[in-house]
>>> print(open('model.pdb').read())   # PDB, C-alpha atoms, pLDDT in the B column
ATOM      1  CA  MET A   1     -13.169  30.821  -3.519  1.00 37.00           C
ATOM      2  CA  ALA A   2     -12.106  27.450  -4.876  1.00 37.00           C
ATOM      3  CA  THR A   3     -10.780  27.330  -8.409  1.00 35.00           C
ATOM      4  CA  SER A   4     -12.001  24.897 -11.014  1.00 37.00           C
ATOM      5  CA  ARG A   5      -9.967  23.154 -13.656  1.00 36.00           C
ATOM      6  CA  VAL A   6     -10.814  20.737 -16.427  1.00 35.00           C
ATOM      7  CA  LEU A   7      -8.322  18.041 -17.355  1.00 35.00           C
ATOM      8  CA  PHE A   8      -8.218  17.126 -21.058  1.00 31.00           C
ATOM      9  CA  SER A   9      -5.032  15.040 -20.905  1.00 33.00           C
ATOM     10  CA  LEU A  10      -2.321  14.576 -18.332  1.00 32.00           C
ATOM     11  CA  ILE A  11      -2.128  18.327 -17.790  1.00 30.00           C
ATOM     12  CA  ALA A  12      -4.777  20.233 -15.841  1.00 34.00           C
ATOM     13  CA  THR A  13      -5.816  23.381 -17.706  1.00 30.00           C
ATOM     14  CA  ALA A  14      -7.406  26.296 -15.868  1.00 30.00           C
ATOM     15  CA  VAL A  15     -10.740  27.303 -17.380  1.00 27.00           C
ATOM     16  CA  GLY A  16     -12.435  29.330 -14.630  1.00 28.00           C
ATOM     17  CA  LEU A  17     -15.262  28.443 -12.301  1.00 26.00           C
ATOM     18  CA  VAL A  18     -17.552  25.548 -13.201  1.00 30.00           C
ATOM     19  CA  ALA A  19     -20.981  25.002 -11.689  1.00 31.00           C
ATOM     20  CA  LEU A  20     -21.495  21.361 -10.878  1.00 33.00           C
ATOM     21  CA  PRO A  21     -24.744  19.501 -10.274  1.00 35.00           C
ATOM     22  CA  SER A  22     -25.213  17.958  -6.867  1.00 37.00           C
ATOM     23  CA  ALA A  23     -24.312  14.295  -6.544  1.00 41.00           C
ATOM     24  CA  LYS A  24     -23.959  11.769  -3.783  1.00 41.00           C
ATOM     25  CA  ALA A  25     -20.457  10.842  -2.767  1.00 42.00           C
ATOM     26  CA  ASP A  26     -19.483   7.201  -3.055  1.00 44.00           C
ATOM     27  CA  PRO A  27     -20.128   5.455   0.288  1.00 43.00           C
ATOM     28  CA  ARG A  28     -16.699   3.778  -0.010  1.00 44.00           C
ATOM     29  CA  ALA A  29     -15.069   7.188   0.525  1.00 40.00           C
ATOM     30  CA  VAL A  30     -15.822   7.444   4.259  1.00 49.00           C
ATOM     31  CA  GLU A  31     -13.162   8.859   6.575  1.00 79.00           C
ATOM     32  CA  PRO A  32     -10.254   6.619   5.550  1.00 92.00           C
ATOM     33  CA  ARG A  33      -7.271   6.576   7.896  1.00 93.00           C
ATOM     34  CA  ALA A  34      -4.600   4.986   5.726  1.00 97.00           C
ATOM     35  CA  VAL A  35      -3.529   4.548   2.109  1.00 98.00           C
ATOM     36  CA  ILE A  36      -1.783   1.227   1.521  1.00 98.00           C
ATOM     37  CA  GLU A  37       0.345   1.155  -1.642  1.00 98.00           C
ATOM     38  CA  LEU A  38       1.342  -2.420  -2.439  1.00 98.00           C
ATOM     39  CA  PHE A  39       4.354  -2.673  -4.738  1.00 98.00           C
ATOM     40  CA  THR A  40       3.857  -6.048  -6.359  1.00 98.00           C
ATOM     41  CA  SER A  41       4.850  -8.073  -9.412  1.00 98.00           C
ATOM     42  CA  GLN A  42       3.414 -10.944 -11.418  1.00 98.00           C
ATOM     43  CA  GLY A  43       6.941 -12.356 -11.590  1.00 96.00           C
ATOM     44  CA  CYS A  44       7.390 -12.514  -7.802  1.00 97.00           C
ATOM     45  CA  SER A  45       6.556 -15.825  -6.098  1.00 96.00           C
ATOM     46  CA  SER A  46       6.125 -14.082  -2.729  1.00 97.00           C
ATOM     47  CA  CYS A  47       3.578 -11.591  -4.031  1.00 98.00           C
ATOM     48  CA  PRO A  48       0.342 -13.614  -4.418  1.00 98.00           C
ATOM     49  CA  ALA A  49      -0.118 -13.784  -0.637  1.00 98.00           C
ATOM     50  CA  ALA A  50       0.207  -9.995  -0.464  1.00 98.00           C
ATOM     51  CA  ASP A  51      -2.179  -9.533  -3.401  1.00 98.00           C
ATOM     52  CA  LYS A  52      -4.727 -11.662  -1.551  1.00 98.00           C
ATOM     53  CA  LEU A  53      -4.287  -9.683   1.658  1.00 98.00           C
ATOM     54  CA  LEU A  54      -4.798  -6.408  -0.198  1.00 98.00           C
ATOM     55  CA  SER A  55      -8.108  -7.753  -1.482  1.00 98.00           C
ATOM     56  CA  GLU A  56      -9.131  -8.580   2.076  1.00 98.00           C
ATOM     57  CA  LEU A  57      -8.155  -5.113   3.311  1.00 97.00           C
ATOM     58  CA  GLN A  58     -10.447  -3.587   0.705  1.00 95.00           C
ATOM     59  CA  SER A  59     -13.436  -4.599   2.834  1.00 94.00           C
ATOM     60  CA  ASP A  60     -12.261  -2.253   5.611  1.00 95.00           C
ATOM     61  CA  PRO A  61     -13.528   1.276   4.751  1.00 94.00           C
ATOM     62  CA  SER A  62     -10.763   2.826   6.859  1.00 94.00           C
ATOM     63  CA  PHE A  63      -8.166   1.595   4.347  1.00 97.00           C
ATOM     64  CA  ILE A  64      -7.555   2.645   0.753  1.00 98.00           C
ATOM     65  CA  PRO A  65      -5.565  -0.272  -0.714  1.00 98.00           C
ATOM     66  CA  LEU A  66      -3.843   0.268  -4.069  1.00 98.00           C
ATOM     67  CA  SER A  67      -1.866  -2.154  -6.265  1.00 98.00           C
ATOM     68  CA  LEU A  68       1.217  -0.625  -7.882  1.00 98.00           C
ATOM     69  CA  ALA A  69       2.803  -3.166 -10.230  1.00 98.00           C
ATOM     70  CA  ILE A  70       6.538  -2.703 -10.813  1.00 98.00           C
ATOM     71  CA  ASP A  71       8.674  -3.766 -13.762  1.00 97.00           C
ATOM     72  CA  TYR A  72      12.121  -4.627 -12.357  1.00 97.00           C
ATOM     73  CA  TRP A  73      11.420  -8.369 -12.213  1.00 96.00           C
ATOM     74  CA  ASP A  74      10.372  -8.573 -15.877  1.00 96.00           C
ATOM     75  CA  TYR A  75      13.765 -10.028 -16.812  1.00 93.00           C
ATOM     76  CA  LEU A  76      12.998 -13.221 -14.867  1.00 91.00           C
ATOM     77  CA  GLY A  77      10.890 -14.586 -17.712  1.00 91.00           C
ATOM     78  CA  TRP A  78       7.497 -12.913 -17.453  1.00 95.00           C
ATOM     79  CA  LYS A  79       6.696  -9.304 -18.313  1.00 97.00           C
ATOM     80  CA  ASP A  80       4.180  -7.917 -15.835  1.00 98.00           C
ATOM     81  CA  THR A  81       1.064  -6.965 -17.817  1.00 98.00           C
ATOM     82  CA  LEU A  82       0.043  -4.263 -15.324  1.00 98.00           C
ATOM     83  CA  ALA A  83       3.431  -2.724 -14.514  1.00 98.00           C
ATOM     84  CA  LEU A  84       4.160   0.967 -14.942  1.00 98.00           C
ATOM     85  CA  PRO A  85       7.763   2.241 -14.932  1.00 97.00           C
ATOM     86  CA  GLY A  86       6.607   5.136 -12.780  1.00 97.00           C
ATOM     87  CA  HIS A  87       5.731   2.728  -9.978  1.00 98.00           C
ATOM     88  CA  THR A  88       9.328   1.567  -9.779  1.00 98.00           C
ATOM     89  CA  ILE A  89      10.444   5.200  -9.657  1.00 98.00           C
ATOM     90  CA  ARG A  90       7.899   5.955  -6.928  1.00 98.00           C
ATOM     91  CA  GLN A  91       9.003   2.995  -4.806  1.00 98.00           C
ATOM     92  CA  ARG A  92      12.643   4.016  -5.046  1.00 98.00           C
ATOM     93  CA  ALA A  93      11.787   7.635  -4.220  1.00 98.00           C
ATOM     94  CA  TYR A  94      10.020   6.441  -1.075  1.00 98.00           C
ATOM     95  CA  SER A  95      13.070   4.423  -0.006  1.00 98.00           C
ATOM     96  CA  GLN A  96      15.323   7.442  -0.457  1.00 97.00           C
ATOM     97  CA  MET A  97      13.007   9.682   1.553  1.00 96.00           C
ATOM     98  CA  ARG A  98      12.819   7.113   4.379  1.00 96.00           C
ATOM     99  CA  GLY A  99      16.582   6.707   4.241  1.00 96.00           C
ATOM    100  CA  ASP A 100      16.517   2.918   4.426  1.00 95.00           C
ATOM    101  CA  ARG A 101      16.981   2.274   0.671  1.00 92.00           C
ATOM    102  CA  GLU A 102      14.751  -0.823   0.971  1.00 96.00           C
ATOM    103  CA  VAL A 103      13.115  -1.715  -2.345  1.00 97.00           C
ATOM    104  CA  TYR A 104      11.532  -5.158  -2.684  1.00 98.00           C
ATOM    105  CA  THR A 105       8.320  -6.998  -3.450  1.00 98.00           C
ATOM    106  CA  PRO A 106       5.876  -7.392  -1.929  1.00 98.00           C
ATOM    107  CA  GLN A 107       6.363  -4.091  -0.115  1.00 98.00           C
ATOM    108  CA  ALA A 108       3.550  -2.009   1.364  1.00 98.00           C
ATOM    109  CA  VAL A 109       3.973   1.712   1.958  1.00 98.00           C
ATOM    110  CA  ILE A 110       1.489   3.160   4.418  1.00 98.00           C
ATOM    111  CA  ASN A 111       0.484   6.828   4.148  1.00 97.00           C
ATOM    112  CA  GLY A 112       3.721   7.537   2.309  1.00 97.00           C
ATOM    113  CA  VAL A 113       5.865   7.265   5.438  1.00 96.00           C
ATOM    114  CA  ALA A 114       6.130   3.678   6.712  1.00 97.00           C
ATOM    115  CA  GLN A 115       6.918   0.404   4.987  1.00 97.00           C
ATOM    116  CA  ALA A 116       5.943  -3.165   5.789  1.00 98.00           C
ATOM    117  CA  ILE A 117       6.101  -6.615   4.228  1.00 98.00           C
ATOM    118  CA  GLY A 118       3.085  -6.624   1.952  1.00 98.00           C
ATOM    119  CA  SER A 119       1.852 -10.038   3.088  1.00 98.00           C
ATOM    120  CA  ASP A 120       2.091  -9.245   6.813  1.00 98.00           C
ATOM    121  CA  ARG A 121      -1.291  -7.975   8.038  1.00 98.00           C
ATOM    122  CA  SER A 122      -0.038  -7.184  11.540  1.00 98.00           C
ATOM    123  CA  GLN A 123       2.844  -5.046  10.235  1.00 97.00           C
ATOM    124  CA  ILE A 124       0.524  -3.115   7.932  1.00 98.00           C
ATOM    125  CA  GLU A 125      -2.134  -2.546  10.583  1.00 96.00           C
ATOM    126  CA  SER A 126       0.508  -1.537  13.138  1.00 97.00           C
ATOM    127  CA  ALA A 127       2.011   0.988  10.724  1.00 96.00           C
ATOM    128  CA  ALA A 128      -1.436   2.418  10.018  1.00 95.00           C
ATOM    129  CA  GLN A 129      -2.117   2.661  13.746  1.00 93.00           C
ATOM    130  CA  ASN A 130       1.209   4.194  14.752  1.00 92.00           C
ATOM    131  CA  HIS A 131       1.542   6.903  12.115  1.00 89.00           C
ATOM    132  CA  SER A 132      -0.464  10.051  11.570  1.00 86.00           C
ATOM    133  CA  PRO A 133      -3.853   9.337   9.982  1.00 89.00           C
ATOM    134  CA  LEU A 134      -5.182  11.190   6.973  1.00 93.00           C
ATOM    135  CA  SER A 135      -6.146  14.675   8.135  1.00 92.00           C
ATOM    136  CA  VAL A 136      -7.580  16.420   5.059  1.00 94.00           C
ATOM    137  CA  PRO A 137     -11.042  15.189   3.921  1.00 94.00           C
ATOM    138  CA  VAL A 138     -10.743  14.877   0.144  1.00 96.00           C
ATOM    139  CA  LYS A 139     -14.136  14.575  -1.552  1.00 96.00           C
ATOM    140  CA  VAL A 140     -14.980  13.126  -4.970  1.00 96.00           C
ATOM    141  CA  THR A 141     -18.345  13.116  -6.710  1.00 96.00           C
ATOM    142  CA  VAL A 142     -19.339  11.711 -10.101  1.00 96.00           C
ATOM    143  CA  ALA A 143     -22.101  13.415 -12.076  1.00 95.00           C
ATOM    144  CA  ASP A 144     -22.896  14.571 -15.602  1.00 94.00           C
ATOM    145  CA  GLN A 145     -19.952  12.607 -17.092  1.00 94.00           C
ATOM    146  CA  ARG A 146     -17.489  14.459 -14.891  1.00 96.00           C
ATOM    147  CA  VAL A 147     -15.472  13.695 -11.792  1.00 97.00           C
ATOM    148  CA  SER A 148     -15.307  16.536  -9.283  1.00 97.00           C
ATOM    149  CA  VAL A 149     -12.451  16.608  -6.769  1.00 97.00           C
ATOM    150  CA  THR A 150     -12.660  18.978  -3.804  1.00 96.00           C
ATOM    151  CA  VAL A 151      -9.890  19.645  -1.316  1.00 94.00           C
ATOM    152  CA  PRO A 152     -10.872  21.997   1.529  1.00 92.00           C
ATOM    153  CA  SER A 153      -8.734  24.724   3.014  1.00 91.00           C
ATOM    154  CA  HIS A 154      -6.549  23.382   5.791  1.00 88.00           C
ATOM    155  CA  ASP A 155      -3.847  24.652   8.108  1.00 84.00           C
ATOM    156  CA  GLU A 156      -1.104  22.818   6.275  1.00 69.00           C
ATOM    157  CA  THR A 157       2.139  24.697   5.674  1.00 67.00           C
ATOM    158  CA  ALA A 158       4.205  21.936   4.065  1.00 75.00           C
ATOM    159  CA  GLY A 159       2.372  22.080   0.753  1.00 85.00           C
ATOM    160  CA  GLY A 160       2.082  19.251  -1.671  1.00 93.00           C
ATOM    161  CA  GLU A 161       0.430  17.864  -4.781  1.00 96.00           C
ATOM    162  CA  ILE A 162      -2.986  16.481  -5.700  1.00 97.00           C
ATOM    163  CA  TRP A 163      -2.971  13.323  -7.827  1.00 98.00           C
ATOM    164  CA  LEU A 164      -5.777  11.472  -9.558  1.00 98.00           C
ATOM    165  CA  CYS A 165      -5.350   7.774 -10.318  1.00 98.00           C
ATOM    166  CA  PRO A 166      -7.633   5.823 -12.682  1.00 98.00           C
ATOM    167  CA  VAL A 167      -8.096   2.386 -11.074  1.00 98.00           C
ATOM    168  CA  MET A 168      -9.286  -1.090 -12.061  1.00 98.00           C
ATOM    169  CA  THR A 169     -10.995  -2.415  -8.932  1.00 98.00           C
ATOM    170  CA  GLN A 170     -10.350  -6.043  -9.843  1.00 97.00           C
ATOM    171  CA  VAL A 171      -8.457  -7.793 -12.611  1.00 97.00           C
ATOM    172  CA  SER A 172      -7.383 -11.435 -12.940  1.00 98.00           C
ATOM    173  CA  VAL A 173      -4.229 -12.343 -14.851  1.00 98.00           C
ATOM    174  CA  GLY A 174      -3.152 -15.789 -16.021  1.00 98.00           C
ATOM    175  CA  ILE A 175       0.630 -16.087 -15.816  1.00 97.00           C
ATOM    176  CA  ALA A 176       2.320 -18.325 -18.366  1.00 96.00           C
ATOM    177  CA  ARG A 177       6.005 -18.011 -17.421  1.00 95.00           C
ATOM    178  CA  GLY A 178       8.277 -17.105 -14.544  1.00 94.00           C
ATOM    179  CA  GLU A 179       7.987 -17.852 -10.840  1.00 94.00           C
ATOM    180  CA  ASN A 180       4.165 -17.919 -10.893  1.00 96.00           C
ATOM    181  CA  THR A 181       3.775 -20.104 -13.993  1.00 96.00           C
ATOM    182  CA  GLY A 182       0.288 -21.577 -14.304  1.00 97.00           C
ATOM    183  CA  ARG A 183      -1.290 -19.371 -11.670  1.00 97.00           C
ATOM    184  CA  THR A 184      -4.167 -16.949 -12.141  1.00 98.00           C
ATOM    185  CA  ILE A 185      -3.851 -14.052  -9.724  1.00 98.00           C
ATOM    186  CA  THR A 186      -6.479 -11.452  -8.920  1.00 98.00           C
ATOM    187  CA  TYR A 187      -5.317  -7.890  -8.307  1.00 98.00           C
ATOM    188  CA  THR A 188      -7.226  -5.228  -6.376  1.00 98.00           C
ATOM    189  CA  ASN A 189      -7.471  -1.493  -7.109  1.00 98.00           C
ATOM    190  CA  VAL A 190      -4.807  -1.564  -9.799  1.00 98.00           C
ATOM    191  CA  VAL A 191      -3.465   1.921 -10.528  1.00 98.00           C
ATOM    192  CA  ARG A 192      -3.281   2.516 -14.287  1.00 98.00           C
ATOM    193  CA  ARG A 193      -2.042   6.112 -14.450  1.00 97.00           C
ATOM    194  CA  TRP A 194      -1.001   9.088 -12.295  1.00 97.00           C
ATOM    195  CA  ILE A 195      -2.479  12.442 -13.280  1.00 96.00           C
ATOM    196  CA  LYS A 196      -1.360  15.553 -11.442  1.00 97.00           C
ATOM    197  CA  LEU A 197      -4.310  17.843 -10.838  1.00 97.00           C
ATOM    198  CA  GLY A 198      -2.204  20.576  -9.318  1.00 95.00           C
ATOM    199  CA  ALA A 199      -0.132  21.857  -6.425  1.00 93.00           C
ATOM    200  CA  TRP A 200      -1.694  22.515  -3.026  1.00 92.00           C
ATOM    201  CA  ASN A 201      -0.689  25.059  -0.395  1.00 90.00           C
ATOM    202  CA  GLY A 202      -3.489  24.710   2.113  1.00 90.00           C
ATOM    203  CA  LYS A 203      -6.101  26.656   0.171  1.00 91.00           C
ATOM    204  CA  GLY A 204      -9.397  25.127  -0.933  1.00 92.00           C
ATOM    205  CA  GLU A 205      -9.327  23.732  -4.469  1.00 92.00           C
ATOM    206  CA  THR A 206     -11.859  22.146  -6.822  1.00 96.00           C
ATOM    207  CA  PHE A 207     -11.003  20.286 -10.019  1.00 96.00           C
ATOM    208  CA  THR A 208     -13.205  18.688 -12.648  1.00 96.00           C
ATOM    209  CA  VAL A 209     -12.164  15.873 -14.943  1.00 95.00           C
ATOM    210  CA  PRO A 210     -14.190  14.478 -17.876  1.00 96.00           C
ATOM    211  CA  ILE A 211     -14.814  10.772 -17.300  1.00 95.00           C
ATOM    212  CA  ASP A 212     -13.808  10.106 -20.907  1.00 94.00           C
ATOM    213  CA  ALA A 213     -10.286  11.292 -20.074  1.00 93.00           C
ATOM    214  CA  ILE A 214      -9.786   8.625 -17.402  1.00 94.00           C
ATOM    215  CA  LYS A 215     -12.158   5.725 -18.079  1.00 93.00           C
ATOM    216  CA  PHE A 216     -10.223   3.386 -20.368  1.00 91.00           C
ATOM    217  CA  ASP A 217      -9.147  -0.273 -20.564  1.00 89.00           C
ATOM    218  CA  GLY A 218     -11.259  -1.546 -17.680  1.00 95.00           C
ATOM    219  CA  VAL A 219     -10.900   1.481 -15.410  1.00 97.00           C
ATOM    220  CA  ASP A 220     -13.986   1.631 -13.185  1.00 97.00           C
ATOM    221  CA  ALA A 221     -12.894   3.718 -10.206  1.00 97.00           C
ATOM    222  CA  VAL A 222     -10.743   6.690  -9.351  1.00 98.00           C
ATOM    223  CA  ALA A 223      -8.455   7.321  -6.384  1.00 98.00           C
ATOM    224  CA  VAL A 224      -7.324  10.793  -5.360  1.00 98.00           C
ATOM    225  CA  ILE A 225      -4.229  11.354  -3.239  1.00 98.00           C
ATOM    226  CA  LEU A 226      -3.164  14.568  -1.517  1.00 97.00           C
ATOM    227  CA  GLN A 227       0.498  14.213  -0.604  1.00 97.00           C
ATOM    228  CA  ASN A 228       3.137  16.467   0.866  1.00 95.00           C
ATOM    229  CA  GLY A 229       6.323  16.912  -1.117  1.00 94.00           C
ATOM    230  CA  SER A 230       6.564  16.083  -4.801  1.00 95.00           C
ATOM    231  CA  ALA A 231       6.662  13.102  -7.149  1.00 94.00           C
ATOM    232  CA  THR A 232      10.458  12.900  -6.868  1.00 94.00           C
ATOM    233  CA  GLN A 233      10.499  13.563  -3.111  1.00 96.00           C
ATOM    234  CA  PRO A 234       7.205  12.157  -1.785  1.00 97.00           C
ATOM    235  CA  GLY A 235       6.194  13.010   1.758  1.00 96.00           C
ATOM    236  CA  PRO A 236       3.284  11.941   3.963  1.00 96.00           C
ATOM    237  CA  ILE A 237      -0.092  11.348   2.363  1.00 97.00           C
ATOM    238  CA  ILE A 238      -2.477  13.649   4.234  1.00 95.00           C
ATOM    239  CA  GLY A 239      -5.727  13.070   2.352  1.00 96.00           C
ATOM    240  CA  ALA A 240      -7.182  10.456   0.020  1.00 97.00           C
ATOM    241  CA  THR A 241     -10.329   8.813  -1.250  1.00 97.00           C
ATOM    242  CA  ILE A 242     -11.456   6.214  -3.768  1.00 97.00           C
ATOM    243  CA  THR A 243     -14.742   6.329  -5.684  1.00 96.00           C
ATOM    244  CA  SER A 244     -16.510   4.144  -8.220  1.00 96.00           C
ATOM    245  CA  LEU A 245     -17.097   5.533 -11.700  1.00 95.00           C
ATOM    246  CA  ASN A 246     -20.067   3.251 -12.312  1.00 88.00           C
TER     247      ASN A 246
END
>>> encode(input="model.pdb", output="structure tokens")
Amino acid sequence: MATSRVLFSLIATAVGLVALPSAKADPRAVEPRAVIELFTSQGCSSCPAADKLLSELQSDPSFIPLSLAIDYWDYLGWKDTLALPGHTIRQRAYSQMRGDREVYTPQAVINGVAQAIGSDRSQIESAAQNHSPLSVPVKVTVADQRVSVTVPSHDETAGGEIWLCPVMTQVSVGIARGENTGRTITYTNVVRRWIKLGAWNGKGETFTVPIDAIKFDGVDAVAVILQNGSATQPGPIIGATITSLN
């Protein structure tokens, strides 16, 4: 039987089984085949084209595009207003796991295993086509001021972790200094935090999260990622979804 946990902060606390009211799943969360993590920066003159492409990819329900703003270009004269230090760490961890040590912007990482130039649609679509698609159907429902995350049992021996990401589906930023001075750039599905719901070993799991714990500062959606490995040694993403909180 699936367990149920309630998250009050960044740590999931076990509280026993929770009965949840029925709710319709968000239609956006329909059999996605690829998660596209775009490592981008407001201080990078090459990034706006990639940011625009990510917005275009959002219209394809088979993709889950996410913006992960990094902070290592802040010294160039403009501090990225959306950057999280953890995104820089995640990008570098990916490069180490791939073995190529390539860390740049705009860089897209597809399903945790392949990388492409973030502004190159053909590279991204080819990577999504040529690597294993998402195989575990993660489900998210929103009801009664709670987000319910369900991961079914699956014949998966590698194990991994389940992460919940509060997301701003769209945010425009006016940039006053640096390489993009004077531009206003719109970002899509901007990840604002990473919350570990728990480890996963192939058994069915259910988690519940109060909306109040994740809906802050413009957050209006939530992405859930099931990924082999760990935060420091990320492996393939094997399940994911994104759902509106509104």
>>> resolve_selection(input="model.pdb", expression="the PyMOL selection byres ((chain A and resi 146) around 9)", output="list in words")
Leu20, Thr141, Val142, Ala143, Asp144, Gln145, Val147, Ser148, Thr208, Val209, Pro210, Ile211 and Asp212 of chain A
>>> residues_around(input="model.pdb", residues="Glu37 (chain A)", least_positions_apart="6", cutoff="8 Å", atoms="all atoms listed in the file", output="list in words")
Pro65, Leu66, Ser67, Leu68, Ala108, Val109 and Ile110 of chain A
>>> write_last_selection(input="model.pdb", atoms="C-alpha atoms", output="mmCIF file, keeping the file's coordinate frame")
data_model
loop_
_atom_site.group_PDB
_atom_site.id
_atom_site.type_symbol
_atom_site.label_atom_id
_atom_site.label_comp_id
_atom_site.auth_asym_id
_atom_site.auth_seq_id
_atom_site.Cartn_x
_atom_site.Cartn_y
_atom_site.Cartn_z
ATOM 1 C CA PRO A 65 -5.565 -0.272 -0.714
ATOM 2 C CA LEU A 66 -3.843 0.268 -4.069
ATOM 3 C CA SER A 67 -1.866 -2.154 -6.265
ATOM 4 C CA LEU A 68 1.217 -0.625 -7.882
ATOM 5 C CA ALA A 108 3.550 -2.009 1.364
ATOM 6 C CA VAL A 109 3.973 1.712 1.958
ATOM 7 C CA ILE A 110 1.489 3.160 4.418
#
>>> resolve_selection(input="model.pdb", expression="the PyMOL selection byres ((chain A and resi 111) around 6)", output="list in words")
Ala34, Val35, Ile110, Gly112, Val113, Pro236 and Ile237 of chain A
>>> closest_residue(input="model.pdb", among="A:Asn201, A:Gln42, A:Thr150, A:Gln170", to="Val224 (chain A)", atoms="all atoms listed in the file")
A:Thr150
>>> closest_residue(input="model.pdb", among="A:Thr188, A:Ser122, A:Thr40, A:Asn180", to="Leu84 (chain A)", atoms="all atoms listed in the file")
A:Thr40
>>> residues_around(input="model.pdb", residues="Ser172 (chain A)", least_positions_apart="4", cutoff="7 Å", atoms="only C-alpha atoms", output="list in words")
Thr184, Ile185, Thr186 and Tyr187 of chain A
>>> resolve_selection(input="model.pdb", expression="the PyMOL selection byres ((chain A and resi 244) around 8)", output="PyMOL selection string")
chain A and resi 26+220-222+242-243+245-246
>>> atom_distance(input="model.pdb", atom1="CA of Pro152 (chain A)", atom2="CA of Arg193 (chain A)")
24.2 Å
>>> atom_distance(input="model.pdb", atom1="CA of Ile214 (chain A)", atom2="CA of Met168 (chain A)")
11.1 Å
>>> residues_around(input="model.pdb", residues="Leu164 (chain A)", least_positions_apart="4", cutoff="8 Å", atoms="only C-alpha atoms", output="JSON, numbers by chain")
{"A": [194, 195, 196, 197, 222, 223, 224, 225]}
>>> closest_residue(input="model.pdb", among="A:Arg177, A:Lys79, A:Lys203, A:Arg192", to="Lys215 (chain A)", atoms="only C-alpha atoms")
A:Arg192
>>> atom_distance(input="model.pdb", atom1="CA of Ile70 (chain A)", atom2="CA of Lys139 (chain A)")
28.5 Å
>>> closest_residue(input="model.pdb", among="A:Pro166, A:Phe63, A:Arg183, A:Val136", to="Ile124 (chain A)", atoms="all atoms listed in the file")
A:Phe63
>>> residues_around(input="model.pdb", residues="Glu56 (chain A)", least_positions_apart="3", cutoff="10 Å", atoms="only C-alpha atoms", output="list in words")
Ala50, Asp51, Lys52, Leu53, Ser59, Asp60, Pro65, Arg121 and Thr188 of chain A
>>> closest_residue(input="model.pdb", among="A:Asp217, A:Glu179, A:Glu31, A:Asp71", to="Pro48 (chain A)", atoms="only C-alpha atoms")
A:Glu179
>>> closest_residue(input="model.pdb", among="A:Gln96, A:Ser135, A:Thr81, A:Gln129", to="Val171 (chain A)", atoms="only C-alpha atoms")
A:Thr81
>>> axis_aligned_box(input="model.pdb", around="region 205-212 of chain A", padding_each_side="5 Å", output="AutoDock Vina command-line options")
--center_x -12.1 --center_y 16.9 --center_z -12.7 --size_x 15.5 --size_y 23.6 --size_z 26.4
>>> residues_around(input="model.pdb", residues="Leu134 (chain A)", least_positions_apart="4", cutoff="6 Å", atoms="only C-alpha atoms", output="list in words")
Arg33, Ile238 and Gly239 of chain A
>>> residues_near_point(input="model.pdb", point="(2.3, 23.7, 5.0)", cutoff="12 Å", atoms="all atoms listed in the file", output="PyMOL selection string")
chain A and resi 153-161+199-203+227-229+235-236+238
